[in-house]
Structure formats: C-alpha cells, structure tokens
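**Student:** My structure is stored as structure27.tsv, with TSV, C-alpha atoms.
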chain	number	residue	atom	x	y	z
A	1	MET	CA	-36.90	-1.34	28.80
A	2	GLY	CA	-34.66	-0.39	25.88
A	3	LEU	CA	-37.36	-1.05	23.30
A	4	LEU	CA	-39.85	0.99	25.32
A	5	CYS	CA	-37.45	3.94	25.45
A	6	LEU	CA	-36.87	3.69	21.70
A	7	ALA	CA	-40.62	3.59	21.09
A	8	VAL	CA	-41.07	6.76	23.16
A	9	ASP	CA	-38.31	8.57	21.24
A	10	ILE	CA	-39.85	7.56	17.91
A	11	HIS	CA	-43.23	8.80	19.13
A	12	VAL	CA	-41.68	12.16	20.03
A	13	VAL	CA	-40.20	12.47	16.55
A	14	LEU	CA	-43.48	11.57	14.89
A	15	ARG	CA	-45.45	14.01	17.01
A	16	TRP	CA	-43.08	17.00	17.24
A	17	GLY	CA	-41.27	16.67	13.97
A	18	THR	CA	-37.78	15.73	12.78
A	19	TYR	CA	-35.95	18.13	15.02
A	20	PRO	CA	-32.17	17.32	14.94
A	21	ALA	CA	-31.94	16.88	18.72
A	22	TYR	CA	-34.87	14.43	18.69
A	23	LEU	CA	-33.38	12.48	15.79
A	24	ALA	CA	-29.96	12.36	17.45
A	25	GLU	CA	-31.44	11.12	20.72
A	26	THR	CA	-33.46	8.48	18.89
A	27	ALA	CA	-30.35	7.31	17.00
A	28	LEU	CA	-28.29	7.03	20.20
A	29	THR	CA	-31.10	5.13	21.93
A	30	ALA	CA	-31.31	2.76	18.95
A	31	VAL	CA	-27.56	2.06	19.17
A	32	ILE	CA	-27.86	1.21	22.87
A	33	VAL	CA	-30.85	-1.07	22.26
A	34	ILE	CA	-29.20	-2.88	19.35
A	35	VAL	CA	-25.96	-3.72	21.19
A	36	GLN	CA	-27.63	-5.06	24.36
A	37	PRO	CA	-28.10	-8.63	23.01
A	38	LEU	CA	-24.33	-8.72	22.45
A	39	ARG	CA	-23.56	-8.42	26.17
A	40	HIS	CA	-22.86	-12.17	26.47
A	41	LEU	CA	-21.46	-12.68	22.98
A	42	ARG	CA	-19.26	-9.60	22.45
A	43	VAL	CA	-19.20	-8.18	25.93
A	44	ARG	CA	-16.41	-5.64	25.37
A	45	VAL	CA	-17.84	-4.36	22.07
A	46	SER	CA	-21.28	-4.02	23.64
A	47	PHE	CA	-19.84	-2.18	26.63
A	48	LEU	CA	-17.84	0.29	24.53
A	49	LEU	CA	-20.73	1.08	22.19
A	50	THR	CA	-23.18	1.47	25.09
A	51	TYR	CA	-20.96	3.84	27.01
A	52	ALA	CA	-20.06	5.78	23.88
A	53	ALA	CA	-23.76	6.22	23.11
A	54	LEU	CA	-24.46	7.27	26.72
A	55	ALA	CA	-21.62	9.79	26.58
A	56	GLY	CA	-23.02	11.10	23.30
A	57	MET	CA	-26.45	11.42	24.91
A	58	ALA	CA	-24.96	13.40	27.83
A	59	ALA	CA	-23.23	15.72	25.40
A	60	LEU	CA	-26.45	16.09	23.40
A	61	ILE	CA	-28.39	17.11	26.53
A	62	TRP	CA	-25.67	19.63	27.34
A	63	LEU	CA	-25.68	21.18	23.86
A	64	SER	CA	-29.34	20.88	22.90
A	65	PRO	CA	-31.30	24.13	22.98
A	66	VAL	CA	-34.45	22.21	23.96
A	67	ASN	CA	-35.08	20.20	27.09
A	68	LEU	CA	-34.78	16.52	26.11
A	69	GLY	CA	-35.65	15.26	29.55
A	70	LEU	CA	-34.14	12.27	31.34
A	71	SER	CA	-34.42	9.00	29.38
A	72	PRO	CA	-34.76	5.71	31.33
A	73	ILE	CA	-32.20	4.30	28.89
A	74	LEU	CA	-29.62	5.41	31.46
A	75	VAL	CA	-30.26	2.15	33.35
A	76	MET	CA	-28.14	0.46	30.67
A	77	ALA	CA	-25.06	1.99	32.28
A	78	PRO	CA	-25.00	-0.29	35.37
A	79	THR	CA	-26.21	-3.36	33.43
A	80	SER	CA	-23.41	-2.98	30.86
A	81	LEU	CA	-20.91	-2.43	33.67
A	82	TYR	CA	-22.13	-5.61	35.38
A	83	ALA	CA	-21.75	-7.58	32.16
A	84	VAL	CA	-18.21	-6.42	31.37
A	85	THR	CA	-17.09	-6.94	35.00
A	86	ARG	CA	-18.64	-10.40	35.15
A	87	TRP	CA	-17.79	-11.81	31.73
A	88	ALA	CA	-14.80	-9.97	30.24
A	89	PRO	CA	-11.74	-12.28	30.16
A	90	ASP	CA	-9.50	-9.53	31.56
A	91	GLN	CA	-10.61	-8.16	34.92
A	92	ARG	CA	-9.10	-4.77	34.05
A	93	TRP	CA	-12.10	-4.15	31.83
A	94	GLY	CA	-14.31	-4.19	34.90
A	95	VAL	CA	-12.10	-1.69	36.72
A	96	GLY	CA	-11.95	0.58	33.69
A	97	GLY	CA	-15.71	0.32	33.26
A	98	LEU	CA	-16.23	1.36	36.89
A	99	LEU	CA	-14.08	4.46	36.42
A	100	LEU	CA	-16.01	5.43	33.28
A	101	ALA	CA	-19.30	4.81	35.09
A	102	LEU	CA	-18.22	7.02	38.00
A	103	CYS	CA	-17.24	9.76	35.57
A	104	GLY	CA	-20.64	9.41	33.91
A	105	SER	CA	-22.33	9.56	37.30
A	106	VAL	CA	-20.71	12.91	37.97
A	107	LEU	CA	-21.31	14.29	34.47
A	108	ASN	CA	-24.87	12.97	34.25
A	109	PRO	CA	-27.59	14.63	32.14
A	110	VAL	CA	-29.43	16.04	35.16
A	111	LEU	CA	-26.36	17.83	36.47
A	112	LEU	CA	-25.33	18.98	32.98
A	113	ARG	CA	-28.80	20.35	32.28
A	114	ALA	CA	-28.86	22.15	35.61
A	115	LEU	CA	-25.49	23.70	34.93
A	116	ARG	CA	-26.57	24.83	31.48
A	117	SER	CA	-29.83	26.40	32.67
A	118	GLN	CA	-28.03	28.23	35.49
A	119	THR	CA	-30.89	27.49	37.85
A	120	ASP	CA	-30.78	27.03	41.60
A	121	LEU	CA	-31.03	23.25	41.13
A	122	VAL	CA	-27.28	23.01	41.62
A	123	THR	CA	-27.39	24.70	44.99
A	124	GLY	CA	-30.65	22.99	45.87
A	125	GLY	CA	-28.97	19.64	46.03
A	126	GLY	CA	-31.21	17.70	43.62
A	127	PRO	CA	-28.61	17.11	40.87
A	128	LEU	CA	-25.92	16.32	43.44
A	129	LEU	CA	-28.19	13.76	45.08
A	130	PHE	CA	-28.89	12.22	41.67
A	131	SER	CA	-25.16	12.04	40.91
A	132	THR	CA	-24.45	10.41	44.25
A	133	THR	CA	-27.22	7.86	43.64
A	134	CYS	CA	-25.82	7.04	40.19
A	135	ALA	CA	-22.33	6.56	41.65
A	136	LEU	CA	-23.67	4.23	44.35
A	137	VAL	CA	-25.66	2.19	41.81
A	138	VAL	CA	-22.73	1.64	39.42
A	139	THR	CA	-20.44	0.82	42.37
A	140	TRP	CA	-22.94	-1.76	43.63
A	141	ALA	CA	-23.21	-3.24	40.10
A	142	HIS	CA	-19.42	-3.56	39.92
A	143	LEU	CA	-19.15	-5.18	43.35
A	144	ALA	CA	-22.02	-7.59	42.64
A	145	ALA	CA	-20.46	-8.63	39.33
A	146	SER	CA	-17.04	-9.06	40.94
A	147	SER	CA	-18.52	-11.22	43.68
A	148	ALA	CA	-20.39	-13.40	41.16
A	149	ARG	CA	-17.23	-13.72	39.08
A	150	ARG	CA	-15.19	-14.72	42.12
A	151	ARG	CA	-17.73	-17.38	43.14
A	152	ALA	CA	-17.81	-18.78	39.62
A	153	GLU	CA	-14.01	-18.92	39.46
A	154	GLU	CA	-13.85	-20.68	42.83
A	155	GLN	CA	-16.45	-23.18	41.63
A	156	ASP	CA	-14.48	-23.75	38.43
A	157	ARG	CA	-11.31	-24.37	40.43
A	158	ALA	CA	-13.19	-26.80	42.68
A	159	VAL	CA	-14.57	-28.65	39.66
A	160	GLU	CA	-11.13	-28.77	38.06
A	161	ALA	CA	-9.58	-30.06	41.29
A	162	ALA	CA	-12.29	-32.70	41.57
A	163	ALA	CA	-11.72	-33.69	37.95
A	164	GLN	CA	-7.98	-33.98	38.53
A	165	GLN	CA	-8.59	-36.04	41.66
A	166	ALA	CA	-11.01	-38.29	39.79
A	167	ALA	CA	-8.49	-38.67	36.96
A	168	ALA	CA	-5.74	-39.57	39.42
A	169	LYS	CA	-8.02	-42.07	41.15
A	170	ALA	CA	-9.02	-43.57	37.79
A	171	ALA	CA	-5.36	-43.84	36.81
A	172	ALA	CA	-4.52	-45.56	40.10
A	173	THR	CA	-7.44	-47.93	39.66
A	174	GLU	CA	-6.33	-48.66	36.13
A	175	ARG	CA	-2.80	-49.41	37.33
A	176	VAL	CA	-4.20	-51.84	39.90
A	177	THR	CA	-6.36	-53.43	37.22
A	178	ILE	CA	-3.40	-53.79	34.86
A	179	ALA	CA	-1.28	-55.26	37.64
A	180	ARG	CA	-4.05	-57.76	38.43
A	181	GLU	CA	-4.46	-58.66	34.77
A	182	LEU	CA	-0.75	-59.19	34.25
A	183	HIS	CA	-0.53	-61.26	37.44
A	184	ASP	CA	-3.40	-63.43	36.28
A	185	LEU	CA	-2.02	-63.74	32.76
A	186	VAL	CA	1.48	-64.76	33.78
A	187	GLY	CA	1.02	-66.32	37.23
A	188	HIS	CA	-0.68	-69.50	36.07
A	189	THR	CA	1.85	-70.12	33.31
A	190	LEU	CA	4.82	-69.51	35.59
A	191	THR	CA	3.38	-72.03	38.05
A	192	VAL	CA	3.21	-74.64	35.28
A	193	VAL	CA	6.75	-73.75	34.18
A	194	LYS	CA	8.01	-74.08	37.76
A	195	VAL	CA	6.32	-77.44	38.30
A	196	GLN	CA	7.56	-78.81	34.98
A	197	ALA	CA	11.10	-77.63	35.60
A	198	SER	CA	11.08	-79.16	39.08
A	199	THR	CA	9.74	-82.44	37.64
A	200	GLY	CA	12.42	-82.53	34.98
A	201	LEU	CA	15.19	-81.84	37.45
A	202	THR	CA	13.88	-84.40	39.91
A	203	LEU	CA	13.39	-87.26	37.46
A	204	GLY	CA	16.50	-86.44	35.50
A	205	GLY	CA	15.70	-88.81	32.60
A	206	HIS	CA	16.09	-87.72	29.00
A	207	GLU	CA	12.47	-88.36	28.06
A	208	GLN	CA	11.14	-86.69	31.19
A	209	MET	CA	13.34	-83.68	30.56
A	210	ARG	CA	12.08	-83.51	26.97
A	211	GLN	CA	8.45	-83.65	28.04
A	212	ALA	CA	9.01	-81.04	30.72
A	213	LEU	CA	10.71	-78.66	28.28
A	214	ALA	CA	7.95	-79.17	25.70
A	215	ALA	CA	5.32	-78.33	28.31
A	216	ILE	CA	7.30	-75.27	29.38
A	217	ARG	CA	7.53	-74.11	25.76
A	218	GLU	CA	3.78	-74.48	25.21
A	219	ALA	CA	2.87	-72.76	28.46
A	220	SER	CA	5.28	-69.89	27.83
A	221	SER	CA	4.02	-69.43	24.27
A	222	ALA	CA	0.40	-69.31	25.44
A	223	SER	CA	1.28	-66.82	28.15
A	224	LEU	CA	3.08	-64.55	25.69
A	225	GLU	CA	0.10	-64.64	23.34
A	226	SER	CA	-2.22	-63.70	26.22
A	227	VAL	CA	0.04	-60.80	27.21
A	228	ARG	CA	0.13	-59.57	23.59
A	229	ASP	CA	-3.67	-59.75	23.38
A	230	TYR	CA	-4.07	-57.87	26.64
A	231	VAL	CA	-1.62	-55.13	25.64
A	232	SER	CA	-3.46	-54.81	22.32
A	233	LEU	CA	-6.73	-54.41	24.20
A	234	LEU	CA	-5.20	-51.68	26.39
A	235	ARG	CA	-3.90	-49.79	23.34
A	236	ASP	CA	-7.15	-50.06	21.37
A	237	PRO	CA	-10.43	-51.12	23.03
A	238	SER	CA	-11.80	-51.96	19.58
A	239	ALA	CA	-9.31	-54.83	19.51
A	240	GLY	CA	-12.00	-56.82	21.31
A	241	THR	CA	-13.66	-57.29	17.91
A	242	GLN	CA	-10.73	-59.10	16.34
A	243	ALA	CA	-11.08	-62.67	15.08
A	244	THR	CA	-9.37	-64.13	18.15
A	245	PRO	CA	-10.48	-61.90	21.04
A	246	PRO	CA	-8.41	-61.29	24.17
A	247	ALA	CA	-9.11	-63.97	26.79
A	248	ASP	CA	-10.29	-66.36	24.10
A	249	LEU	CA	-12.67	-68.75	25.83
A	250	GLY	CA	-11.69	-71.44	23.37
A	251	ALA	CA	-8.46	-71.72	25.36
A	252	LEU	CA	-10.21	-72.97	28.51
A	253	SER	CA	-9.50	-76.59	27.60
A	254	GLN	CA	-5.86	-75.67	26.99
A	255	MET	CA	-5.64	-74.30	30.53
A	256	VAL	CA	-6.99	-77.60	31.81
A	257	ASP	CA	-4.50	-79.52	29.67
A	258	ARG	CA	-1.58	-77.48	30.99
A	259	ALA	CA	-2.70	-78.13	34.55
A	260	ARG	CA	-2.97	-81.81	33.70
A	261	THR	CA	0.58	-81.86	32.30
A	262	ALA	CA	1.72	-80.26	35.54
A	263	GLY	CA	0.50	-83.36	37.37
A	264	LEU	CA	-3.06	-82.42	38.31
A	265	ARG	CA	-5.56	-85.21	37.72
A	266	ILE	CA	-8.63	-83.19	36.86
A	267	GLU	CA	-12.12	-84.21	35.83
A	268	ALA	CA	-13.42	-81.28	33.79
A	269	ARG	CA	-16.84	-80.52	32.41
A	270	LEU	CA	-16.68	-77.63	29.96
A	271	PRO	CA	-19.12	-76.24	27.39
A	272	ALA	CA	-18.88	-77.44	23.80
A	273	ASP	CA	-16.61	-75.60	21.40
A	274	GLU	CA	-19.59	-74.14	19.50
A	275	GLU	CA	-20.96	-72.65	22.67
A	276	LEU	CA	-17.59	-71.20	23.65
A	277	ARG	CA	-17.36	-69.54	20.23
A	278	ALA	CA	-20.82	-68.06	20.80
A	279	TRP	CA	-19.63	-66.68	24.15
A	280	ASN	CA	-16.60	-65.12	22.46
A	281	GLU	CA	-18.93	-63.25	20.10
A	282	THR	CA	-21.49	-62.07	22.66
A	283	TRP	CA	-19.58	-61.58	25.91
A	284	THR	CA	-17.60	-58.45	26.65
A	285	ALA	CA	-13.83	-58.57	27.10
A	286	VAL	CA	-14.32	-58.02	30.84
A	287	GLU	CA	-16.61	-61.04	31.09
A	288	ARG	CA	-14.23	-63.24	29.10
A	289	LEU	CA	-11.27	-62.06	31.19
A	290	THR	CA	-13.21	-62.75	34.39
A	291	LEU	CA	-13.91	-66.36	33.49
A	292	SER	CA	-10.40	-66.97	32.14
A	293	ARG	CA	-8.64	-65.46	35.15
A	294	VAL	CA	-10.84	-67.23	37.70
A	295	LEU	CA	-10.15	-70.56	36.02
A	296	ALA	CA	-6.42	-69.86	35.68
A	297	GLU	CA	-6.06	-68.81	39.31
A	298	GLY	CA	-8.12	-71.75	40.53
A	299	LEU	CA	-6.02	-74.24	38.57
A	300	THR	CA	-2.84	-72.57	39.79
A	301	ASN	CA	-3.93	-72.96	43.42
A	302	ALA	CA	-4.95	-76.58	42.78
A	303	VAL	CA	-1.55	-77.39	41.26
A	304	ARG	CA	0.40	-75.51	43.91
A	305	HIS	CA	-1.50	-76.42	47.07
A	306	GLY	CA	-3.81	-79.33	46.18
A	307	GLY	CA	-3.48	-83.05	46.63
A	308	GLY	CA	-3.31	-83.84	42.91
A	309	GLN	CA	-7.00	-84.42	42.11
A	310	ALA	CA	-9.62	-81.86	41.07
A	311	ARG	CA	-13.07	-81.48	39.59
A	312	LEU	CA	-14.11	-78.59	37.35
A	313	SER	CA	-17.49	-77.49	36.08
A	314	VAL	CA	-18.26	-74.42	33.93
A	315	THR	CA	-21.90	-73.74	33.07
A	316	ALA	CA	-23.86	-70.76	31.82
A	317	THR	CA	-27.38	-69.52	31.24
A	318	PRO	CA	-28.24	-66.61	28.95
A	319	ASP	CA	-27.64	-64.14	31.77
A	320	ARG	CA	-24.97	-65.58	34.08
A	321	CYS	CA	-21.96	-67.87	34.22
A	322	ALA	CA	-20.99	-70.23	37.05
A	323	LEU	CA	-17.65	-71.94	37.69
A	324	GLU	CA	-16.95	-74.53	40.39
A	325	LEU	CA	-13.53	-76.04	41.01
A	326	SER	CA	-12.75	-78.40	43.88
A	327	ASN	CA	-9.52	-80.18	44.67
A	328	THR	CA	-8.25	-82.55	47.33
A	329	LEU	CA	-6.00	-81.21	50.06
A	330	GLY	CA	-2.25	-81.63	50.00
A	331	ASP	CA	-0.46	-84.15	52.19
A	332	GLY	CA	-0.31	-83.01	55.80
A	333	ASP	CA	-2.68	-80.07	55.16
A	334	THR	CA	-5.82	-79.81	57.23
A	335	HIS	CA	-7.14	-76.95	55.14
A	336	ILE	CA	-6.23	-74.77	52.20
A	337	PRO	CA	-5.41	-71.24	53.35
A	338	VAL	CA	-7.50	-68.53	51.73
A	339	ARG	CA	-4.71	-66.12	50.86
A	340	HIS	CA	-5.26	-62.38	50.78
A	341	GLY	CA	-2.52	-61.42	48.34
A	342	ALA	CA	-2.77	-60.91	44.62
A	343	GLY	CA	-4.40	-64.34	44.13
A	344	LEU	CA	-7.79	-65.09	45.68
A	345	ALA	CA	-8.12	-61.54	47.00
A	346	GLY	CA	-7.60	-60.29	43.46
A	347	LEU	CA	-10.25	-62.70	42.21
A	348	THR	CA	-12.66	-61.47	44.85
A	349	GLU	CA	-12.14	-57.89	43.71
A	350	ARG	CA	-12.45	-58.90	40.06
A	351	LEU	CA	-15.79	-60.64	40.72
A	352	ARG	CA	-17.00	-57.65	42.71
A	353	LEU	CA	-16.21	-55.31	39.82
A	354	ALA	CA	-18.01	-57.71	37.48
A	355	SER	CA	-21.06	-57.68	39.82
A	356	GLY	CA	-20.37	-61.31	40.68
A	357	ILE	CA	-19.69	-63.39	43.77
A	358	LEU	CA	-16.64	-65.51	44.68
A	359	GLU	CA	-16.68	-68.20	47.37
A	360	ALA	CA	-13.56	-70.06	48.43
A	361	GLY	CA	-13.01	-72.44	51.32
A	362	THR	CA	-12.90	-76.06	52.46
A	363	GLU	CA	-15.97	-78.30	52.36
A	364	TRP	CA	-16.74	-81.95	52.86
A	365	VAL	CA	-17.58	-83.44	49.45
A	366	ASP	CA	-18.37	-87.16	49.05
A	367	GLY	CA	-16.88	-87.96	52.41
A	368	GLU	CA	-13.59	-86.09	51.96
A	369	GLU	CA	-12.46	-82.59	52.72
A	370	ARG	CA	-11.81	-80.53	49.59
A	371	PHE	CA	-11.01	-76.95	48.74
A	372	VAL	CA	-13.90	-75.51	46.71
A	373	LEU	CA	-13.80	-72.37	44.55
A	374	ARG	CA	-17.12	-71.03	43.20
A	375	ALA	CA	-17.62	-67.97	41.01
A	376	VAL	CA	-20.88	-66.63	39.64
A	377	PHE	CA	-21.16	-63.44	37.57
A	378	PRO	CA	-23.65	-61.90	35.09
A	379	VAL	CA	-22.93	-62.06	31.36
A	380	ARG	CA	-24.50	-60.91	28.14
A	381	GLY	CA	-26.92	-63.24	26.35
A	382	THR	CA	-24.98	-66.20	25.01
A	383	GLY	CA	-27.17	-66.62	22.00
A	384	ALA	CA	-27.57	-70.29	22.98
A	385	PRO	CA	-30.13	-72.13	25.09
A	386	PRO	CA	-29.41	-72.39	28.83
A	387	MET	CA	-26.91	-75.08	29.71
A	388	THR	CA	-28.04	-78.11	31.66
A	389	ALA	CA	-26.24	-81.14	32.90
A	390	ALA	CA	-27.93	-83.17	30.16
A	391	THR	CA	-26.63	-80.94	27.35
A	392	ALA	CA	-23.22	-80.08	28.77
A	393	ALA	CA	-22.04	-83.43	30.03
A	394	PRO	CA	-21.91	-85.32	26.72
A	395	ALA	CA	-20.09	-82.45	25.02
A	396	GLN	CA	-17.04	-81.92	27.19
A	397	THR	CA	-17.06	-84.26	30.17
A	398	LEU	CA	-13.44	-85.36	30.49
A	399	GLY	CA	-11.86	-87.86	32.82
A	400	PRO	CA	-8.75	-87.25	34.89
A	401	ASP	CA	-6.56	-88.50	32.05
A	402	GLY	CA	-8.11	-86.12	29.51
A	403	GLY	CA	-10.15	-88.72	27.67
A	404	ARG	CA	-13.88	-88.45	27.08
A	405	ARG	CA	-16.08	-90.27	29.50
A	406	PRO	CA	-19.17	-92.11	28.27
Write the structure described by the file as structure tokens, please.
**Tutor:**
Amino acid sequence: MGLLCLAVDIHVVLRWGTYPAYLAETALTAVIVIVQPLRHLRVRVSFLLTYAALAGMAALIWLSPVNLGLSPILVMAPTSLYAVTRWAPDQRWGVGGLLLALCGSVLNPVLLRALRSQTDLVTGGGPLLFSTTCALVVTWAHLAASSARRRAEEQDRAVEAAAQQAAAKAAATERVTIARELHDLVGHTLTVVKVQASTGLTLGGHEQMRQALAAIREASSASLESVRDYVSLLRDPSAGTQATPPADLGALSQMVDRARTAGLRIEARLPADEELRAWNETWTAVERLTLSRVLAEGLTNAVRHGGGQARLSVTATPDRCALELSNTLGDGDTHIPVRHGAGLAGLTERLRLASGILEAGTEWVDGEERFVLRAVFPVRGTGAPPMTAATAAPAQTLGPDGGRRP
C-alpha cells in the first residue's frame, strides 16, 4: 500500500512538474513508507515519524493552494497505532497514540480542505462522517491491540508459572534422587559396620575385635569415597569422565567381600575385571549407579534378613544388564518381607527410571525357599561380546569362602 501511494505521488510529480506541494507530499509519503519496516524493531521511533509525517501532510493540505486530494497513505495511522499499542514496552505509549490519532481524526485532510474551501461540505455532513469513521477506526485498532497484548501477557504469565512449577517439581525430584543415592551409598556400609561392631562386642576376643575394627575401617573408607564421588558428580556432571568414575564397577567384588566379612557366605559370579573396566568406559553414570546400588541393597538385605548363605550372578549383553541375588531365609522366618521404605521400594523406582524391571520375592530354589532379587535394565554397548555362562564362569566364579572354584 505504502509503495503504491509513493509510486502515484512520483507519477504526479513526473507528469505535472516539480510543484512544491507535490514534492512535499511525495517526501512525506516517502518518510512514512521508509519507517514502516521499523514497526517491530523500533516501534516508538516508527510511530513518532509516521504521525509526524501524517501531521505534516494534514498541514500541507490545509496550506496548499492546489487540491492534493486524499492519499490512501492515511491507513498507516491505525496500523502504526496498533503497533505501538501492541509492542511498546510502556503501555502509556498506546494511550498517547490513541489521543494523537483521535486528534488527527478530527483534524483530518478532508475536514481541513472543506474548511479552507468554505464550501457547504461542512454543513452537508460528509467531512463530519469521515472524521467520525476515522475516530472509530483508530479506536478499534487501539482496542484490538490492547486485547492482543493482554492475551499475550496472560499467556506469558501462564508459561512462566508452568516453568516455575516444572522447576519446583524437578528440584523436588532431584532432592528425592539425592536422598535415594545417599541412602544407597551409606546404607550398605552402615549395615556392615553394625554387624561387625555387634560381632566384636559379642565375641569379645582381642583378635575378633581387631578384625571387626579393620572391617569397619575398610567399609567406612569405601563409603566415604563413594560419597565424595557422588558429590563430585552432582557438582560437575563432567566428573563422570574422570579416571575412576563414580560408582566404579570395579568395586563390585569389594562389595561382595565386605558382605562376606559381615558373615554372609556368598557364591558370586561376576564379570572379569577387563569387562568391568569396559563397562566403566561405555556405561553412563546412571547405569553404573543402578547396578552398584541394586547390588549394595541386595547384599544389605541378605546380611540383615537372610539365613547366612547367598548366590549372586551379574551378566550383561551389549544392550542390557541382569543381576540375580538369592539368599536363604533367616531362622524362624517363613518369608522375607518386601519392604516399601527407602530400600526395595527405592530400588523399584530406580529401575523404573532406568527403564528396567525389579523383581523381589520368595521362591523355591533347589528344594529350599529363598528370597530372590532380580534386576534387568538397558545399558549402552559394552564394547565386549555378549556374556555367557561359558565365558563368565571361569573368570569370576567364587565360592562361599571367596576362593576361585574350578
């Protein structure tokens, strides 16, 4: 529209000559056309220049000795008002723009020209009808822009509220995750410490006390190292690339040894050290933590509630890991309760978040009732061939006393 109006004004100049009124009108139209692309970039500057040019055009029509006619460029008045009302940071610009637009509607070129020519157009009602129409149009533009602005602000507030709610939910979830991690990190070690302390106090001998204290020292040291690694991971996620990653899978055998020192006679079949190192390099921290915490919690339950004997198997293929731990029932127990506190319930949630499955309950195995814990979850490619009983058994098949079995 603006370019068309400018083209018409230039055509008038070329056809009728460089009359000052024609040149002035062409210049004012050019200013209006040039500043229109700035309505979304420099909305206030565009508005001021547009209305200044429109005011200059009204004055030119009033003062010009020739009839310049009514240029369609006047439609830029409501569009500029809409832009400043909708996009100006301060809403007072929209109110001020409406007042200027209403003043321009009253002092429009049609009415000014009619007043200057002293014709009966003023009494005929044509200019007054045009002024009323202009006032209604600019008022509608202001109201439409205000309504669009209000809807956008309400939507922004809704998005911000949703973002705050999501952030609060994420923070709460993170607190639960941290609580679960710390429980898993410390709970197993504290169980070993408690059992060793009780053993030392019960036996009372010097050598037994020494062994119990040595086991407590080792378990406490390992727990502190795990807590430090986990805190480091929380502070800097890139810490998962350090030489000894958090939840180092090379410590799985140490967990078994600590359970064994606590009195659990466990027959464990674990992957070879080379394969565990490959898992440390390819698995994510979440996957390593999942396996470590499931094993730690399972051993803790076996020590605390079991009958003193257990079997453990950890296997993996390039896309998933499986752990199975079974233990005999304690004296006088007819079943092992599946607790819903921060232990097995926490493991269930952990496996769910890792897209895995946890099964826990009593089963009859080889003619005796045992408590069986099974966990299966997806992992990244291990970089090693799939494990089988033939390849895993010779590497890390350990008897209840910790020695290698043939």
**Student:** Record the distance separating atom CA of Leu136 of chain A and atom CA of Met76 of chain A, expressed in Å with one decimal.
**Tutor:**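 Those two atoms sit 14.9 Å apart.
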**Student:** Quote the spacing between atom CA of Trp93 of chain A and atom CA of Pro37 of chain A in Å to one decimal place.
**Tutor:**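 So the answer is 18.8 Å.
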**Student:** Please, what distance in Å, to one decimal, runs between atom CA of Leu252 of chain A and atom CA of Asp273 of chain A?
**Tutor:**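 So the answer is 9.9 Å.
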